[in-house]
$ cat work_20.pdb   # PDB, C-alpha atoms, pLDDT in the B column
ATOM      1  CA  MET A  28      50.333  17.728 -16.598  1.00 47.00           C
ATOM      2  CA  ALA A  29      53.559  15.850 -15.920  1.00 57.00           C
ATOM      3  CA  ASP A  30      53.709  13.518 -12.950  1.00 74.00           C
ATOM      4  CA  GLN A  31      55.381  15.030  -9.926  1.00 88.00           C
ATOM      5  CA  PHE A  32      57.832  12.897  -7.996  1.00 92.00           C
ATOM      6  CA  PHE A  33      59.155  13.270  -4.467  1.00 93.00           C
ATOM      7  CA  THR A  34      62.137  11.955  -2.574  1.00 93.00           C
ATOM      8  CA  VAL A  35      61.618  10.507   0.884  1.00 93.00           C
ATOM      9  CA  THR A  36      62.970  13.712   2.418  1.00 93.00           C
ATOM     10  CA  GLN A  37      60.759  16.005   0.348  1.00 94.00           C
ATOM     11  CA  LEU A  38      57.576  14.062   1.044  1.00 95.00           C
ATOM     12  CA  ALA A  39      58.354  13.586   4.727  1.00 96.00           C
ATOM     13  CA  GLU A  40      58.980  17.309   5.137  1.00 96.00           C
ATOM     14  CA  GLU A  41      55.805  18.271   3.277  1.00 96.00           C
ATOM     15  CA  LEU A  42      53.634  15.973   5.407  1.00 96.00           C
ATOM     16  CA  GLY A  43      55.362  16.660   8.715  1.00 96.00           C
ATOM     17  CA  LEU A  44      56.723  13.141   9.024  1.00 96.00           C
ATOM     18  CA  THR A  45      60.154  11.663   9.403  1.00 96.00           C
ATOM     19  CA  PRO A  46      61.755   9.676   6.588  1.00 95.00           C
ATOM     20  CA  ARG A  47      61.753   6.765   9.007  1.00 96.00           C
ATOM     21  CA  ALA A  48      57.949   6.999   9.307  1.00 96.00           C
ATOM     22  CA  LEU A  49      57.616   6.778   5.520  1.00 95.00           C
ATOM     23  CA  ARG A  50      59.840   3.710   5.456  1.00 94.00           C
ATOM     24  CA  PHE A  51      57.748   2.218   8.281  1.00 96.00           C
ATOM     25  CA  TYR A  52      54.558   2.696   6.241  1.00 96.00           C
ATOM     26  CA  GLU A  53      56.342   1.028   3.352  1.00 94.00           C
ATOM     27  CA  THR A  54      57.234  -2.020   5.480  1.00 95.00           C
ATOM     28  CA  LYS A  55      53.572  -2.256   6.528  1.00 94.00           C
ATOM     29  CA  GLY A  56      52.523  -2.356   2.867  1.00 93.00           C
ATOM     30  CA  LEU A  57      50.635   0.943   3.029  1.00 95.00           C
ATOM     31  CA  ILE A  58      52.724   2.588   0.310  1.00 94.00           C
ATOM     32  CA  THR A  59      54.941   1.163  -2.398  1.00 93.00           C
ATOM     33  CA  PRO A  60      57.294   3.808  -3.747  1.00 93.00           C
ATOM     34  CA  GLY A  61      59.231   3.257  -6.920  1.00 93.00           C
ATOM     35  CA  ARG A  62      62.997   3.285  -7.072  1.00 91.00           C
ATOM     36  CA  ALA A  63      65.632   5.115  -9.022  1.00 89.00           C
ATOM     37  CA  GLY A  64      68.726   3.139  -8.147  1.00 90.00           C
ATOM     38  CA  LYS A  65      68.753   3.017  -4.360  1.00 89.00           C
ATOM     39  CA  THR A  66      66.575   6.126  -3.985  1.00 90.00           C
ATOM     40  CA  ARG A  67      62.889   5.805  -3.183  1.00 90.00           C
ATOM     41  CA  ILE A  68      60.718   7.843  -5.537  1.00 94.00           C
ATOM     42  CA  TYR A  69      57.215   8.772  -4.407  1.00 95.00           C
ATOM     43  CA  THR A  70      54.395   9.731  -6.767  1.00 94.00           C
ATOM     44  CA  GLN A  71      51.306  11.889  -6.330  1.00 94.00           C
ATOM     45  CA  ARG A  72      49.426   8.633  -5.689  1.00 91.00           C
ATOM     46  CA  ASP A  73      51.788   7.802  -2.809  1.00 93.00           C
ATOM     47  CA  ARG A  74      51.309  11.334  -1.471  1.00 94.00           C
ATOM     48  CA  ALA A  75      47.512  10.982  -1.640  1.00 92.00           C
ATOM     49  CA  ARG A  76      47.662   7.606   0.127  1.00 93.00           C
ATOM     50  CA  LEU A  77      49.841   9.092   2.862  1.00 96.00           C
ATOM     51  CA  ILE A  78      47.363  11.916   3.383  1.00 96.00           C
ATOM     52  CA  LEU A  79      44.601   9.299   3.769  1.00 93.00           C
ATOM     53  CA  ILE A  80      46.787   7.272   6.144  1.00 96.00           C
ATOM     54  CA  LEU A  81      47.433  10.313   8.326  1.00 97.00           C
ATOM     55  CA  ARG A  82      43.749  11.207   8.351  1.00 95.00           C
ATOM     56  CA  GLY A  83      42.845   7.664   9.330  1.00 94.00           C
ATOM     57  CA  LYS A  84      45.358   7.778  12.181  1.00 95.00           C
ATOM     58  CA  ARG A  85      43.950  11.117  13.394  1.00 95.00           C
ATOM     59  CA  LEU A  86      40.490   9.536  13.435  1.00 93.00           C
ATOM     60  CA  GLY A  87      41.776   6.677  15.573  1.00 92.00           C
ATOM     61  CA  PHE A  88      41.939   3.867  13.029  1.00 94.00           C
ATOM     62  CA  SER A  89      44.728   1.312  13.285  1.00 94.00           C
ATOM     63  CA  LEU A  90      47.219   0.940  10.464  1.00 96.00           C
ATOM     64  CA  GLU A  91      45.715  -2.478   9.771  1.00 94.00           C
ATOM     65  CA  GLU A  92      42.247  -0.948   9.345  1.00 93.00           C
ATOM     66  CA  ILE A  93      43.642   1.809   7.137  1.00 94.00           C
ATOM     67  CA  LYS A  94      45.403  -0.783   4.974  1.00 93.00           C
ATOM     68  CA  GLU A  95      42.139  -2.695   4.574  1.00 90.00           C
ATOM     69  CA  PHE A  96      40.381   0.469   3.335  1.00 88.00           C
ATOM     70  CA  LEU A  97      43.198   1.237   0.903  1.00 88.00           C
ATOM     71  CA  ASP A  98      43.328  -2.359  -0.351  1.00 86.00           C
ATOM     72  CA  LEU A  99      39.584  -2.301  -1.018  1.00 84.00           C
ATOM     73  CA  TYR A 100      40.143   0.593  -3.421  1.00 78.00           C
ATOM     74  CA  LYS A 101      42.587  -1.519  -5.425  1.00 76.00           C
ATOM     75  CA  ALA A 102      40.049  -4.346  -5.626  1.00 72.00           C
ATOM     76  CA  ASP A 103      37.020  -2.224  -6.549  1.00 73.00           C
ATOM     77  CA  HIS A 104      37.593   0.990  -8.463  1.00 74.00           C
ATOM     78  CA  THR A 105      33.899   1.911  -8.114  1.00 82.00           C
ATOM     79  CA  GLN A 106      34.734   2.385  -4.426  1.00 83.00           C
ATOM     80  CA  GLN A 107      31.355   0.901  -3.435  1.00 87.00           C
ATOM     81  CA  GLU A 108      32.866  -1.733  -1.166  1.00 86.00           C
ATOM     82  CA  GLN A 109      35.464   0.690   0.199  1.00 84.00           C
ATOM     83  CA  LEU A 110      32.898   3.361   1.004  1.00 87.00           C
ATOM     84  CA  THR A 111      30.537   0.851   2.622  1.00 90.00           C
ATOM     85  CA  ALA A 112      33.345  -0.522   4.807  1.00 88.00           C
ATOM     86  CA  LEU A 113      34.491   2.986   5.678  1.00 89.00           C
ATOM     87  CA  LEU A 114      30.985   4.061   6.650  1.00 93.00           C
ATOM     88  CA  ARG A 115      30.554   1.002   8.873  1.00 94.00           C
ATOM     89  CA  ALA A 116      33.944   1.588  10.537  1.00 92.00           C
ATOM     90  CA  VAL A 117      33.220   5.284  11.089  1.00 94.00           C
ATOM     91  CA  HIS A 118      29.875   4.479  12.727  1.00 97.00           C
ATOM     92  CA  GLU A 119      31.628   1.964  15.000  1.00 95.00           C
ATOM     93  CA  ARG A 120      34.311   4.536  15.852  1.00 94.00           C
ATOM     94  CA  ILE A 121      31.671   7.159  16.676  1.00 96.00           C
ATOM     95  CA  GLN A 122      29.894   4.682  18.964  1.00 97.00           C
ATOM     96  CA  LEU A 123      33.148   3.842  20.744  1.00 96.00           C
ATOM     97  CA  LEU A 124      34.023   7.520  21.214  1.00 96.00           C
ATOM     98  CA  GLU A 125      30.522   8.277  22.531  1.00 98.00           C
ATOM     99  CA  GLU A 126      30.932   5.487  25.092  1.00 98.00           C
ATOM    100  CA  GLN A 127      34.369   6.793  26.064  1.00 97.00           C
ATOM    101  CA  LYS A 128      32.948  10.307  26.383  1.00 98.00           C
ATOM    102  CA  VAL A 129      30.313   9.067  28.832  1.00 98.00           C
ATOM    103  CA  ALA A 130      32.999   7.284  30.860  1.00 98.00           C
ATOM    104  CA  ILE A 131      35.204  10.397  30.840  1.00 98.00           C
ATOM    105  CA  ASP A 132      32.291  12.600  31.919  1.00 98.00           C
ATOM    106  CA  LEU A 133      31.560  10.248  34.834  1.00 98.00           C
ATOM    107  CA  THR A 134      35.212  10.213  35.865  1.00 98.00           C
ATOM    108  CA  LEU A 135      35.414  14.017  35.683  1.00 98.00           C
ATOM    109  CA  SER A 136      32.300  14.340  37.797  1.00 98.00           C
ATOM    110  CA  GLU A 137      33.688  11.985  40.409  1.00 98.00           C
ATOM    111  CA  LEU A 138      37.051  13.776  40.463  1.00 98.00           C
ATOM    112  CA  LYS A 139      35.318  17.136  40.925  1.00 98.00           C
ATOM    113  CA  THR A 140      33.378  15.649  43.841  1.00 98.00           C
ATOM    114  CA  VAL A 141      36.645  14.477  45.412  1.00 98.00           C
ATOM    115  CA  VAL A 142      38.135  17.971  44.958  1.00 98.00           C
ATOM    116  CA  ARG A 143      35.093  19.625  46.534  1.00 97.00           C
ATOM    117  CA  GLU A 144      35.022  17.201  49.484  1.00 97.00           C
ATOM    118  CA  THR A 145      38.768  17.515  50.036  1.00 97.00           C
ATOM    119  CA  GLU A 146      38.647  21.310  49.939  1.00 96.00           C
ATOM    120  CA  GLU A 147      35.777  21.272  52.457  1.00 95.00           C
ATOM    121  CA  ARG A 148      37.724  18.991  54.800  1.00 94.00           C
ATOM    122  CA  LEU A 149      40.822  21.165  54.498  1.00 93.00           C
ATOM    123  CA  SER A 150      38.736  24.252  55.209  1.00 92.00           C
ATOM    124  CA  GLN A 151      37.205  22.598  58.288  1.00 90.00           C
ATOM    125  CA  LYS A 152      40.619  21.566  59.587  1.00 83.00           C
ATOM    126  CA  ALA A 153      41.980  25.082  59.022  1.00 84.00           C
ATOM    127  CA  GLY A 154      39.004  26.481  60.977  1.00 81.00           C
ATOM    128  CA  LYS A 155      39.693  24.130  63.912  1.00 79.00           C
ATOM    129  CA  LEU A 156      43.361  25.128  63.967  1.00 76.00           C
ATOM    130  CA  ALA A 157      42.435  28.822  64.055  1.00 72.00           C
ATOM    131  CA  SER A 158      40.154  28.279  67.072  1.00 66.00           C
TER     132      SER A 158
END
$ encode --input "work_20.pdb" --output "structure tokens"
Amino acid sequence: MADQFFTVTQLAEELGLTPRALRFYETKGLITPGRAGKTRIYTQRDRARLILILRGKRLGFSLEEIKEFLDLYKADHTQQEQLTALLRAVHERIQLLEEQKVAIDLTLSELKTVVRETEERLSQKAGKLAS
């Protein structure tokens, strides 16, 4: 199968990004497209890396963390080190999200209490005005 190549516009459109976002990822060292004259040419490998980058962002990882995962793949093609680092980072992310969930649940509970108390006070004041 022949390699498929993409222009910045084609790849950006396919992935729902702007061309500027692709160039930003390039400046951060996350992707390294080839060139044909002044035109950036992206490969299937670049496309796959971008899909991983976007997934990492959705999961809450920083671009620096994502770059570390991608760089580990270059260093160790068995992926042992990369997978171990990814697993550790995912466990840490889960722990952080669980802690945030507890904090959010507490805040929601407190806000609901404020709503209930405020509605009761408004109801009492409306009753006094009607008397």
$ resolve_selection --input "work_20.pdb" --expression "the PyMOL selection byres ((chain A and resi 61) around 12)" --output "list of chain:residue names"
A:Phe32, A:Phe33, A:Thr34, A:Val35, A:Glu53, A:Ile58, A:Thr59, A:Pro60, A:Arg62, A:Ala63, A:Gly64, A:Lys65, A:Thr66, A:Arg67, A:Ile68, A:Tyr69, A:Thr70, A:Gln71, A:Arg72, A:Asp73
$ closest_residue --input "work_20.pdb" --among "A:Ala39, A:Glu137, A:Glu119, A:Arg143" --to "Phe51 of chain A" --atoms "all atoms listed in the file"
A:Ala39
$ atom_distance --input "work_20.pdb" --atom1 "atom CA of Ala102 of chain A" --atom2 "atom CA of Arg76 of chain A"
15.3 Å
$ residues_around --input "work_20.pdb" --residues "Thr54 of chain A" --least-positions-apart "6" --cutoff "12 Å" --atoms "only C-alpha atoms" --output "list in words"
Arg47, Ala48, Pro60, Leu90 and Lys94 of chain A
$ write_last_selection --input "work_20.pdb" --atoms "C-alpha atoms" --output "PDB file, in the frame of the given file"
ATOM      1  CA  ARG A  47      61.753   6.765   9.007  1.00 96.00           C
ATOM      2  CA  ALA A  48      57.949   6.999   9.307  1.00 96.00           C
ATOM      3  CA  PRO A  60      57.294   3.808  -3.747  1.00 93.00           C
ATOM      4  CA  LEU A  90      47.219   0.940  10.464  1.00 96.00           C
ATOM      5  CA  LYS A  94      45.403  -0.783   4.974  1.00 93.00           C
TER       6      LYS A  94
END
$ atom_distance --input "work_20.pdb" --atom1 "atom CA of Gln109 of chain A" --atom2 "atom CA of Phe96 of chain A"
5.8 Å
$ residues_near_point --input "work_20.pdb" --point "(35.0, 2.4, 3.2)" --cutoff "12 Å" --atoms "only C-alpha atoms" --output "VMD selection string"
chain A and resid 79 83 92 to 100 103 105 to 118
$ atom_distance --input "work_20.pdb" --atom1 "atom CA of Thr36 of chain A" --atom2 "atom CA of Leu57 of chain A"
17.8 Å
$ residues_around --input "work_20.pdb" --residues "Ile121 of chain A" --least-positions-apart "6" --cutoff "12 Å" --atoms "only C-alpha atoms" --output "PyMOL selection string"
chain A and resi 86-88+114-115+127-128
$ axis_aligned_box --input "work_20.pdb" --around "segment 118-125 of chain A" --padding-each-side "8 Å" --output "AutoDock Vina command-line options"
--center_x 32.1 --center_y 5.1 --center_z 17.6 --size_x 20.4 --size_y 22.3 --size_z 25.8
$ resolve_selection --input "work_20.pdb" --expression "the PyMOL selection byres ((chain A and resi 40-43) around 9)" --output "list of chain:residue names"
A:Val35, A:Thr36, A:Gln37, A:Leu38, A:Ala39, A:Leu44, A:Thr45, A:Pro46, A:Arg74, A:Leu77, A:Ile78, A:Leu81
